[in-house]
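K.L.:
Just upload-v2.txt, nothing more (compact mmCIF, C-alpha atoms):
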# COMPACT_ATOMS: atom_id res chain seq x y z
CA MET O 1 -11.44 -15.33 24.62
CA ALA O 2 -11.79 -12.15 26.68
CA ILE O 3 -8.99 -9.66 26.40
CA GLY O 4 -8.63 -9.62 30.15
CA ALA O 5 -7.31 -13.15 30.07
CA LEU O 6 -4.60 -12.05 27.72
CA GLN O 7 -3.54 -8.85 29.38
CA LEU O 8 -1.58 -10.36 32.26
CA PRO O 9 0.79 -12.71 30.37
CA VAL O 10 1.31 -10.38 27.41
CA LEU O 11 1.75 -7.25 29.46
CA PHE O 12 4.10 -9.14 31.80
CA PHE O 13 6.10 -10.32 28.78
CA TYR O 14 6.14 -6.85 27.27
CA THR O 15 7.07 -5.24 30.60
CA THR O 16 9.87 -7.78 31.10
CA LEU O 17 11.35 -6.93 27.71
CA VAL O 18 11.21 -3.19 28.38
CA PHE O 19 12.61 -3.59 31.91
CA SER O 20 15.41 -5.79 30.60
CA ALA O 21 16.29 -3.25 27.95
CA LEU O 22 16.20 -0.41 30.47
CA THR O 23 18.33 -2.17 33.07
CA THR O 24 20.85 -3.22 30.44
CA SER O 25 21.09 0.38 29.26
CA TRP O 26 21.46 1.72 32.80
CA SER O 27 24.00 -0.87 33.96
CA SER O 28 26.21 -0.24 30.95
CA SER O 29 26.27 3.45 31.69
CA GLU O 30 26.71 3.39 35.48
CA ASP O 31 30.27 4.67 35.24
CA SER O 32 29.59 7.10 32.44
CA ALA O 33 27.97 10.51 32.23
CA PRO O 34 24.19 10.80 32.64
CA PRO O 35 22.27 10.15 29.42
CA ARG O 36 21.68 13.24 27.29
CA TYR O 37 18.54 12.00 25.58
CA SER O 38 15.01 12.48 26.82
CA GLN O 39 13.03 9.64 28.35
CA GLN O 40 10.77 9.57 25.27
CA HIS O 41 13.78 9.16 22.98
CA GLN O 42 15.08 6.31 25.12
CA LEU O 43 11.71 4.55 24.89
CA LEU O 44 11.76 4.86 21.09
CA GLN O 45 15.23 3.32 21.05
CA ILE O 46 14.00 0.45 23.22
CA GLN O 47 10.98 -0.19 21.00
CA SER O 48 13.15 -0.25 17.90
CA SER O 49 15.61 -2.70 19.44
CA PHE O 50 13.30 -5.70 19.09
CA SER O 51 10.62 -6.86 16.71
CA PRO O 52 6.96 -7.36 17.68
CA THR O 53 6.90 -10.51 15.56
CA PRO O 54 7.74 -12.84 18.51
CA LEU O 55 4.68 -11.43 20.26
CA PHE O 56 2.32 -12.40 17.44
CA GLU O 57 2.03 -16.07 18.27
CA GLN O 58 1.18 -15.50 21.92
CA ILE O 59 -1.20 -12.62 21.23
CA LEU O 60 -3.09 -14.34 18.42
CA SER O 61 -3.33 -17.59 20.35
CA HIS O 62 -4.81 -15.89 23.41
CA LEU O 63 -7.26 -13.96 21.22
CA GLY O 64 -8.52 -17.23 19.75
CA PHE O 65 -6.87 -17.01 16.31
CA GLN O 66 -5.19 -20.40 16.51
CA GLU O 67 -4.75 -20.92 12.76
CA LEU O 68 -2.84 -17.65 12.41
CA ALA O 69 -0.83 -18.30 15.58
CA MET O 70 0.36 -21.68 14.29
CA ALA O 71 1.48 -20.06 11.03
CA ILE O 72 3.79 -17.54 12.73
CA PRO O 73 6.94 -19.76 12.72
CA SER O 74 6.63 -20.26 8.95
CA LEU O 75 7.14 -16.53 8.41
CA ALA O 76 10.73 -16.58 9.63
CA ASP O 77 12.08 -16.86 6.09
CA LEU O 78 10.19 -13.86 4.75
CA PRO O 79 12.60 -10.92 4.33
CA SER O 80 9.97 -8.39 5.39
CA PHE O 81 9.41 -10.12 8.73
CA ALA O 82 13.14 -10.67 9.25
CA THR O 83 14.02 -7.00 8.71
CA TRP O 84 11.01 -5.12 10.11
CA ASN O 85 11.41 -4.25 13.77
CA GLY O 86 8.65 -1.72 14.19
CA PRO O 87 5.00 -1.93 15.28
CA SER O 88 2.53 -3.90 13.16
CA THR O 89 -1.20 -4.26 12.56
CA VAL O 90 -2.92 -7.61 12.06
CA PHE O 91 -6.28 -7.99 10.28
CA ALA O 92 -7.31 -11.34 11.71
CA PRO O 93 -9.83 -13.70 10.10
CA SER O 94 -11.42 -16.30 12.36
CA ASP O 95 -10.29 -19.92 12.42
CA ALA O 96 -13.58 -20.93 10.78
CA ALA O 97 -13.04 -18.49 7.91
CA ILE O 98 -9.52 -19.77 7.28
CA ARG O 99 -10.61 -23.41 7.39
CA SER O 100 -13.31 -22.66 4.83
CA CYS O 101 -10.57 -21.93 2.29
CA THR O 102 -9.18 -25.39 1.63
CA SER O 103 -6.75 -24.13 -1.02
CA CYS O 104 -5.31 -21.28 1.07
CA SER O 105 -1.74 -21.18 2.32
CA VAL O 106 -2.18 -19.92 5.87
CA ALA O 107 1.37 -18.56 5.91
CA ARG O 108 0.77 -16.48 2.80
CA LEU O 109 -2.67 -15.45 4.02
CA LEU O 110 -1.12 -14.25 7.28
CA SER O 111 1.63 -12.31 5.49
CA GLU O 112 -1.07 -10.51 3.47
CA HIS O 113 -3.12 -9.71 6.58
CA VAL O 114 -0.26 -7.97 8.42
CA ILE O 115 0.89 -4.42 7.65
CA PRO O 116 3.76 -2.46 9.19
CA GLY O 117 2.72 0.39 11.45
CA LEU O 118 0.02 1.04 14.02
CA PHE O 119 -3.37 1.37 12.33
CA SER O 120 -5.98 1.84 15.03
CA PHE O 121 -9.63 1.79 13.98
CA SER O 122 -9.94 5.55 14.41
CA TYR O 123 -6.89 6.06 12.20
CA LEU O 124 -8.32 3.74 9.52
CA GLN O 125 -11.51 5.80 9.59
CA SER O 126 -9.51 8.93 8.81
CA LEU O 127 -7.92 7.49 5.65
CA ALA O 128 -9.08 8.48 2.18
CA PHE O 129 -11.44 6.02 0.45
CA GLY O 130 -9.35 3.47 -1.44
CA THR O 131 -6.09 4.14 0.41
CA LYS O 132 -3.62 1.33 -0.26
CA VAL O 133 -1.28 -0.04 2.41
CA GLU O 134 1.49 -2.50 1.61
CA THR O 135 1.45 -5.81 3.48
CA MET O 136 4.33 -7.86 4.81
CA ASN O 137 4.15 -9.75 1.51
CA SER O 138 6.21 -7.14 -0.31
CA GLY O 139 4.56 -5.64 -3.39
CA HIS O 140 1.05 -6.70 -2.34
CA CYS O 141 -1.33 -4.06 -1.01
CA LEU O 142 -4.61 -3.96 0.87
CA SER O 143 -7.22 -1.31 0.10
CA VAL O 144 -9.10 0.50 2.84
CA THR O 145 -12.67 1.56 2.07
CA SER O 146 -15.57 2.66 4.23
CA ALA O 147 -19.34 3.01 4.39
CA ILE O 148 -21.76 4.62 6.82
CA ASN O 149 -23.69 2.38 9.17
CA HIS O 150 -27.02 4.24 9.18
CA ALA O 151 -28.17 2.44 12.32
CA THR O 152 -25.33 3.91 14.38
CA ASN O 153 -24.32 6.77 12.05
CA ARG O 154 -20.74 5.52 12.32
CA SER O 155 -18.26 4.56 9.65
CA LYS O 156 -17.73 0.88 8.85
CA ILE O 157 -14.26 -0.03 7.57
CA PHE O 158 -13.55 -2.66 4.94
CA ILE O 159 -10.19 -4.23 4.10
CA ASN O 160 -10.40 -5.33 0.46
CA GLY O 161 -14.13 -5.50 0.94
CA ILE O 162 -14.00 -7.54 4.16
CA GLU O 163 -15.55 -5.69 7.10
CA ILE O 164 -13.69 -5.12 10.35
CA THR O 165 -16.30 -6.42 12.77
CA HIS O 166 -14.12 -6.46 15.90
CA PRO O 167 -11.95 -3.32 15.87
CA ASP O 168 -9.03 -2.77 18.24
CA ILE O 169 -9.44 -6.08 20.08
CA PHE O 170 -5.79 -5.72 21.04
CA ASN O 171 -3.45 -2.73 21.09
CA ASN O 172 -0.34 -2.58 23.28
CA GLY O 173 1.52 0.09 21.35
CA LEU O 174 3.47 -2.49 19.36
CA VAL O 175 0.77 -4.71 17.91
CA VAL O 176 -2.78 -3.84 16.87
CA VAL O 177 -5.28 -6.60 16.06
CA HIS O 178 -8.62 -6.14 14.29
CA GLY O 179 -11.05 -9.02 13.76
CA LEU O 180 -12.36 -9.51 10.21
CA HIS O 181 -15.67 -10.96 9.01
CA GLY O 182 -13.98 -13.36 6.60
CA PHE O 183 -10.58 -13.30 4.94
CA VAL O 184 -8.94 -11.36 2.12
CA SER O 185 -8.42 -13.42 -1.02
CA THR O 186 -4.88 -13.88 -2.34
CA LEU O 187 -3.62 -10.48 -3.45
CA SER O 188 -2.66 -9.73 -7.02
CA PRO O 189 0.95 -8.68 -7.74
CA PHE O 190 -0.62 -5.60 -9.32
CA SER O 191 -2.55 -4.66 -6.19
CA CYS O 192 -0.18 -1.79 -5.38
CA THR O 193 -0.16 -0.26 -8.87
CA ILE O 194 -3.78 0.88 -9.06
CA ASP O 195 -4.32 4.62 -8.91
CA LYS O 196 -5.23 5.73 -5.44
CA MET O 197 -8.80 6.97 -5.05
CA THR O 198 -8.83 10.30 -3.27
CA PRO O 199 -11.66 12.09 -1.49
CA HIS O 200 -11.78 14.55 -4.40
CA ALA O 201 -12.65 11.73 -6.77
CA PHE O 202 -15.72 11.01 -4.68
CA SER O 203 -16.89 14.52 -3.98
CA VAL O 204 -20.67 14.94 -4.04
CA HIS O 205 -20.42 17.60 -6.75
CA HIS O 206 -18.34 15.30 -8.96
CA MET O 207 -20.74 12.38 -8.55
CA ILE O 208 -23.88 14.39 -9.26
CA ALA O 209 -22.32 16.08 -12.27
CA SER O 210 -21.09 12.87 -13.86
CA SER O 211 -23.74 10.32 -12.94
CA PRO O 212 -27.54 10.06 -12.73
CA SER O 213 -27.06 7.79 -9.71
CA PRO O 214 -24.43 9.07 -7.25
CA LEU O 215 -24.63 5.95 -5.09
CA MET O 216 -24.30 3.58 -8.05
CA HIS O 217 -21.32 5.62 -9.25
CA LEU O 218 -19.68 5.19 -5.85
CA MET O 219 -20.48 1.48 -5.69
CA LEU O 220 -19.09 0.87 -9.19
CA ARG O 221 -15.83 2.54 -8.25
CA ASP O 222 -15.73 0.58 -5.01
CA GLY O 223 -16.43 -2.66 -6.88
CA MET O 224 -13.77 -2.02 -9.52
CA LEU O 225 -11.15 -1.32 -6.87
CA ARG O 226 -11.96 -4.43 -4.87
CA LEU O 227 -12.11 -6.67 -7.94
CA ARG O 228 -8.77 -5.43 -9.26
CA THR O 229 -7.07 -6.21 -5.97
CA SER O 230 -8.57 -9.69 -5.59
CA GLY O 231 -7.76 -11.39 -8.89
CA PHE O 232 -10.57 -10.07 -11.10
CA GLY O 233 -8.68 -7.28 -12.87
CA ILE O 234 -10.08 -8.07 -16.32
CA LEU O 235 -13.65 -7.83 -15.07
CA ALA O 236 -12.79 -4.55 -13.31
CA LEU O 237 -11.46 -3.16 -16.60
CA ALA O 238 -14.60 -4.34 -18.41
CA LEU O 239 -16.79 -2.57 -15.85
CA LYS O 240 -14.83 0.62 -16.41
CA ILE O 241 -15.32 0.34 -20.17
CA LYS O 242 -19.05 -0.35 -19.76
CA TYR O 243 -19.51 2.27 -17.06
CA GLY O 244 -22.10 4.16 -19.12
CA ASP O 245 -24.31 1.06 -19.32
CA LEU O 246 -24.03 0.33 -15.61
CA VAL O 247 -24.21 3.64 -13.78
CA GLY O 248 -27.90 4.15 -14.55
CA LEU O 249 -28.91 0.79 -13.05
CA ASN O 250 -30.59 0.42 -9.68
CA ASN O 251 -28.28 -2.51 -8.86
CA ALA O 252 -26.68 -5.50 -10.57
CA THR O 253 -25.63 -9.12 -10.16
CA ILE O 254 -22.43 -10.05 -11.98
CA PHE O 255 -21.06 -13.51 -12.72
CA ALA O 256 -17.26 -13.44 -12.96
CA ILE O 257 -14.29 -15.43 -14.19
CA ASP O 258 -11.02 -14.73 -12.36
CA ASP O 259 -7.94 -13.53 -14.23
CA ALA O 260 -6.06 -16.82 -13.84
CA SER O 261 -8.91 -18.78 -15.45
CA ILE O 262 -9.21 -16.31 -18.32
CA PHE O 263 -5.51 -16.55 -19.06
CA GLY O 264 -5.80 -20.32 -18.67
CA GLY O 265 -8.30 -20.66 -21.51
CA SER O 266 -11.63 -19.03 -20.64
CA HIS O 267 -11.08 -16.29 -23.23
CA SER O 268 -14.72 -16.20 -24.35
CA TYR O 269 -15.64 -14.38 -21.14
CA VAL O 270 -13.86 -11.22 -22.32
CA ARG O 271 -16.13 -10.72 -25.34
CA ASN O 272 -19.26 -11.82 -23.48
CA VAL O 273 -19.13 -9.83 -20.26
CA ARG O 274 -22.54 -8.24 -20.92
CA PHE O 275 -24.04 -11.74 -21.05
CA HIS O 276 -22.77 -12.28 -17.48
CA ILE O 277 -24.39 -9.15 -15.98
CA VAL O 278 -27.97 -9.26 -14.68
CA PRO O 279 -29.20 -5.63 -14.52
CA ASN O 280 -31.50 -4.25 -11.84
CA HIS O 281 -31.45 -7.48 -9.84
CA TYR O 282 -29.47 -7.85 -6.60
CA MET O 283 -29.20 -11.60 -6.01
CA THR O 284 -27.18 -12.90 -3.11
CA ILE O 285 -26.35 -16.58 -3.03
CA SER O 286 -29.31 -17.26 -0.73
CA GLY O 287 -31.59 -15.66 -3.29
CA LEU O 288 -30.11 -17.62 -6.18
CA GLU O 289 -30.49 -20.88 -4.28
CA LYS O 290 -34.24 -20.26 -3.97
CA LEU O 291 -34.81 -19.92 -7.74
CA ALA O 292 -36.74 -22.67 -9.49
CA VAL O 293 -35.53 -24.61 -12.51
CA GLY O 294 -36.34 -22.66 -15.66
CA THR O 295 -36.22 -19.25 -13.99
CA ALA O 296 -34.87 -16.82 -16.59
CA LEU O 297 -32.52 -13.98 -15.68
CA PRO O 298 -32.27 -10.96 -18.02
CA THR O 299 -28.79 -9.80 -19.02
CA LEU O 300 -27.22 -6.63 -20.37
CA ASP O 301 -26.99 -8.47 -23.68
CA GLN O 302 -30.44 -7.41 -24.76
CA GLY O 303 -32.75 -10.24 -25.79
CA HIS O 304 -30.55 -12.92 -24.21
CA HIS O 305 -31.34 -14.55 -20.88
CA LEU O 306 -29.60 -16.84 -18.44
CA VAL O 307 -31.60 -19.80 -17.21
CA VAL O 308 -31.47 -21.78 -13.98
CA THR O 309 -30.85 -25.29 -15.28
CA SER O 310 -30.46 -26.98 -11.90
CA ALA O 311 -31.95 -25.63 -8.69
CA GLY O 312 -30.84 -26.00 -5.10
CA VAL O 313 -27.98 -25.00 -2.87
CA ILE O 314 -24.35 -24.99 -4.00
CA PRO O 315 -22.98 -27.17 -5.57
CA ALA O 316 -26.30 -28.36 -7.04
CA LEU O 317 -27.21 -24.90 -8.35
CA ARG O 318 -26.36 -24.42 -12.03
CA ILE O 319 -27.06 -21.52 -14.34
CA ASN O 320 -26.75 -22.31 -18.06
CA TYR O 321 -25.34 -25.63 -16.79
CA VAL O 322 -22.40 -23.87 -15.09
CA ARG O 323 -21.70 -24.15 -11.35
CA ILE O 324 -20.82 -21.22 -9.11
CA LYS O 325 -17.22 -21.49 -7.95
CA VAL O 326 -17.20 -18.91 -5.14
CA PRO O 327 -20.36 -17.01 -4.15
CA GLU O 328 -20.21 -13.31 -3.32
CA VAL O 329 -16.52 -12.72 -4.05
CA MET O 330 -17.44 -9.04 -3.96
CA ARG O 331 -20.52 -7.45 -2.48
CA ASN O 332 -21.56 -3.91 -1.66
CA PRO O 333 -24.99 -2.29 -1.28
CA LYS O 334 -25.54 -2.13 -5.07
CA ILE O 335 -23.45 -4.86 -6.69
CA VAL O 336 -22.90 -8.53 -5.92
CA VAL O 337 -20.37 -10.67 -7.81
CA HIS O 338 -20.29 -14.48 -7.96
CA ALA O 339 -17.29 -16.36 -9.43
CA LEU O 340 -17.90 -19.16 -11.96
CA PHE O 341 -15.92 -22.22 -12.95
CA LEU O 342 -16.51 -21.47 -16.66
CA PRO O 343 -18.06 -18.72 -18.80
CA PHE O 344 -21.76 -19.19 -19.51
CA PRO O 345 -22.45 -20.91 -22.83
CA ARG O 346 -25.20 -19.45 -25.00
CA LEU O 347 -28.09 -21.89 -25.08
CA HIS O 348 -30.32 -22.30 -28.13
CA SER O 349 -33.92 -21.48 -27.30
CA ALA O 350 -35.04 -24.94 -28.44
CA SER O 351 -32.72 -26.64 -25.96
CA ILE O 352 -34.22 -24.83 -22.98
CA SER O 353 -37.83 -24.40 -24.10
CA GLY O 354 -38.84 -27.33 -21.92
CA LEU O 355 -37.28 -25.63 -18.93
CA VAL O 356 -38.58 -22.12 -19.54
CA ASN O 357 -42.04 -22.80 -20.96
CA GLY O 358 -44.48 -22.11 -18.17
CA GLN O 359 -41.67 -21.10 -15.80
CA THR O 360 -40.87 -17.64 -14.55
CA GLU O 361 -38.58 -14.68 -14.99
CA VAL O 362 -37.12 -12.85 -12.03
CA ASP O 363 -38.91 -9.54 -11.49
CA GLN O 364 -37.06 -7.32 -9.07
CA VAL O 365 -39.40 -4.33 -9.30
CA ALA O 366 -42.75 -5.97 -8.50
CA SER O 367 -41.29 -8.97 -6.64
CA VAL O 368 -43.59 -11.24 -8.61
CA ASN O 369 -42.87 -13.65 -11.45
CA HIS O 370 -44.28 -13.57 -14.98
CA LYS O 371 -44.10 -15.95 -17.94
CA ILE O 372 -41.72 -15.35 -20.81
CA ASN O 373 -41.21 -16.93 -24.18
CA LEU O 374 -37.70 -17.33 -25.49
CA GLY O 375 -38.79 -19.22 -28.63
I need this file expressed as structure tokens, please.

P.N.:
Amino acid sequence: MAIGALQLPVLFFYTTLVFSALTTSWSSSEDSAPPRYSQQHQLLQIQSSFSPTPLFEQILSHLGFQELAMAIPSLADLPSFATWNGPSTVFAPSDAAIRSCTSCSVARLLSEHVIPGLFSFSYLQSLAFGTKVETMNSGHCLSVTSAINHATNRSKIFINGIEITHPDIFNNGLVVVHGLHGFVSTLSPFSCTIDKMTPHAFSVHHMIASSPSPLMHLMLRDGMLRLRTSGFGILALALKIKYGDLVGLNNATIFAIDDASIFGGSHSYVRNVRFHIVPNHYMTISGLEKLAVGTALPTLDQGHHLVVTSAGVIPALRINYVRIKVPEVMRNPKIVVHALFLPFPRLHSASISGLVNGQTEVDQVASVNHKINLG
């Protein structure tokens, strides 16, 4: 919905609150001495006398974020919402994005998409890469990263890897709303404890001195940060340990198991991470869904391949007989990560010879396929 349709009711509501506060203040002091404080100080007192939270439901509803608007009343019991009476910023996923997550608690999702303070798009652009900001779900932080849009030569801003595609769609001095292209996955309780990445850590001199591929170095650091704050902390640690093997790659596709699943029994993933990394191939889900049965994918575990055992779109697609749980849980210009239900089993060459014989191996460099023999 156009912002113009929202301006009248919201601004009228906001103006009524301010006018009420002003008239109450003036009427109570009619018989007393003139106020000693400046007009600016009085306005600050007025703004701090009520919370912007009651405005959320009306604002979000008029902007078209109905799922978030309906979740506002459920936040009343959260201590952070009950005690915070200052301005706030909302990173708003669309209704379609929220509905696509059937297991999401909209109330929790909302609490982790709201941060205290006014964070306009220009202010977000000024923050250091990897700056963490705590959400209204106390102890859970969002990470702010950026990239240059070469078409416009302007900075794109990402919140835990999700791009702000509609910046500053609302800003009345108490509430700022940015539209997201998707939603932020449930935040880890450790999301605020990761060392902050500063501009110094990403200086050009530092990247060139420490890495043969400055962009891959940057994308690895970006990927590790985003994975650690979205439930893939063990994978992020593994990438840090195997940094030397990864930084020289052109790009990579990584198949991941989330922390909860690893702790729940998928321990084999920890010692087989290399078997879940496809080097020098950047395969989005659309690319994977086009692969034929028997297509072999090289891995960092030299001499061992993954094989497409069932072709088609999700959920039909299977690699080493394992389905993809969530495609593209993390994606940047060099790395794409897909979450799995289970770690890949190692298949004996005899058991897949019928699939691979005469089939093809992905060839990212020449963009053509060639036969391989795993026997």

K.L.:
Rounded to one decimal in Å, what is the spacing between CA of Phe263 in chain O and CA of Ile234 in chain O?

P.N.:
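Between CA of Phe263 in chain O and CA of Ile234 in chain O the gap is 10.0 Å.
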
K.L.:
Quote the spacing between CA of Lys156 in chain O and CA of Ala128 in chain O in Å to one decimal place.

P.N.:
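Taking CA of Lys156 in chain O and CA of Ala128 in chain O, their separation equals 13.3 Å.
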
K.L.:
Considering only C-alpha atoms, can you say which of O:Val106, O:Val247, O:Leu297, O:Ala96 comes closest to His181 in chain O?

P.N.:
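Of O:Val106, O:Val247, O:Leu297, O:Ala96, the one nearest His181 in chain O, counting only C-alpha atoms, is O:Ala96.
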
K.L.:
Find the distance between CA of Leu225 in chain O and CA of Ser143 in chain O and write it in Å to one decimal.

P.N.:
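About the pair CA of Leu225 in chain O and CA of Ser143 in chain O: they are 8.0 Å apart.
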
K.L.:
Fewer than 4 positions away in the same chain doesn't count, so skip those; otherwise give me all residues within 8 Å of range 249-257 of chain O, counting all atoms listed in the file, as a list in words.

P.N.:
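The neighbour list is Ser213, Met216, Phe232, Leu235, Asp245, Ser261, Ile262, Ser266, Tyr269, His276, Ile277, Val278, Pro279, Asn280, His281, Tyr282, Met283, Lys334, Ile335, Val336, Val337, His338, Ala339, Leu340, Phe341, Leu342 and Pro343 of chain O.
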
K.L.:
Could you check the closest approach to Ile159 in chain O for each of O:Cys192, O:Ala238, O:Leu174, O:Ala92 and tell me which residue wins, using only C-alpha atoms?

P.N.:
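Among O:Cys192, O:Ala238, O:Leu174, O:Ala92, it is O:Ala92 that comes nearest to Ile159 in chain O.
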
K.L.:
Name all residues at most 12 Å from Arg154 in chain O (count only C-alpha atoms; drop same-chain ones fewer than 5 positions away) and give them as an MDAnalysis selection string.

P.N.:
chainID O and resid 121:122 125 146:149

K.L.:
As an MDAnalysis selection string, please: the residues near Ser100 in chain O (cut-off 12 Å, all atoms listed in the file, same-chain neighbours under 3 positions excluded).

P.N.:
chainID O and resid 67 93:97 103:106 182:183 185 326

K.L.:
Please provide as a list in words all residues within 7 Å of Met224 in chain O, with the sequence filter that same-chain residues fewer than 4 positions apart are discarded (counting only C-alpha atoms).

P.N.:
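Result of the neighbour search: Leu220, Arg228 and Ala236 of chain O.
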
K.L.:
Restricting the calculation to only C-alpha atoms: of O:Ser126, O:Ser191, O:Ser230, O:Ser61, which residue gets closest to Ser155 in chain O?

P.N.:
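Ranking O:Ser126, O:Ser191, O:Ser230, O:Ser61 by distance to Ser155 in chain O, first place goes to O:Ser126.
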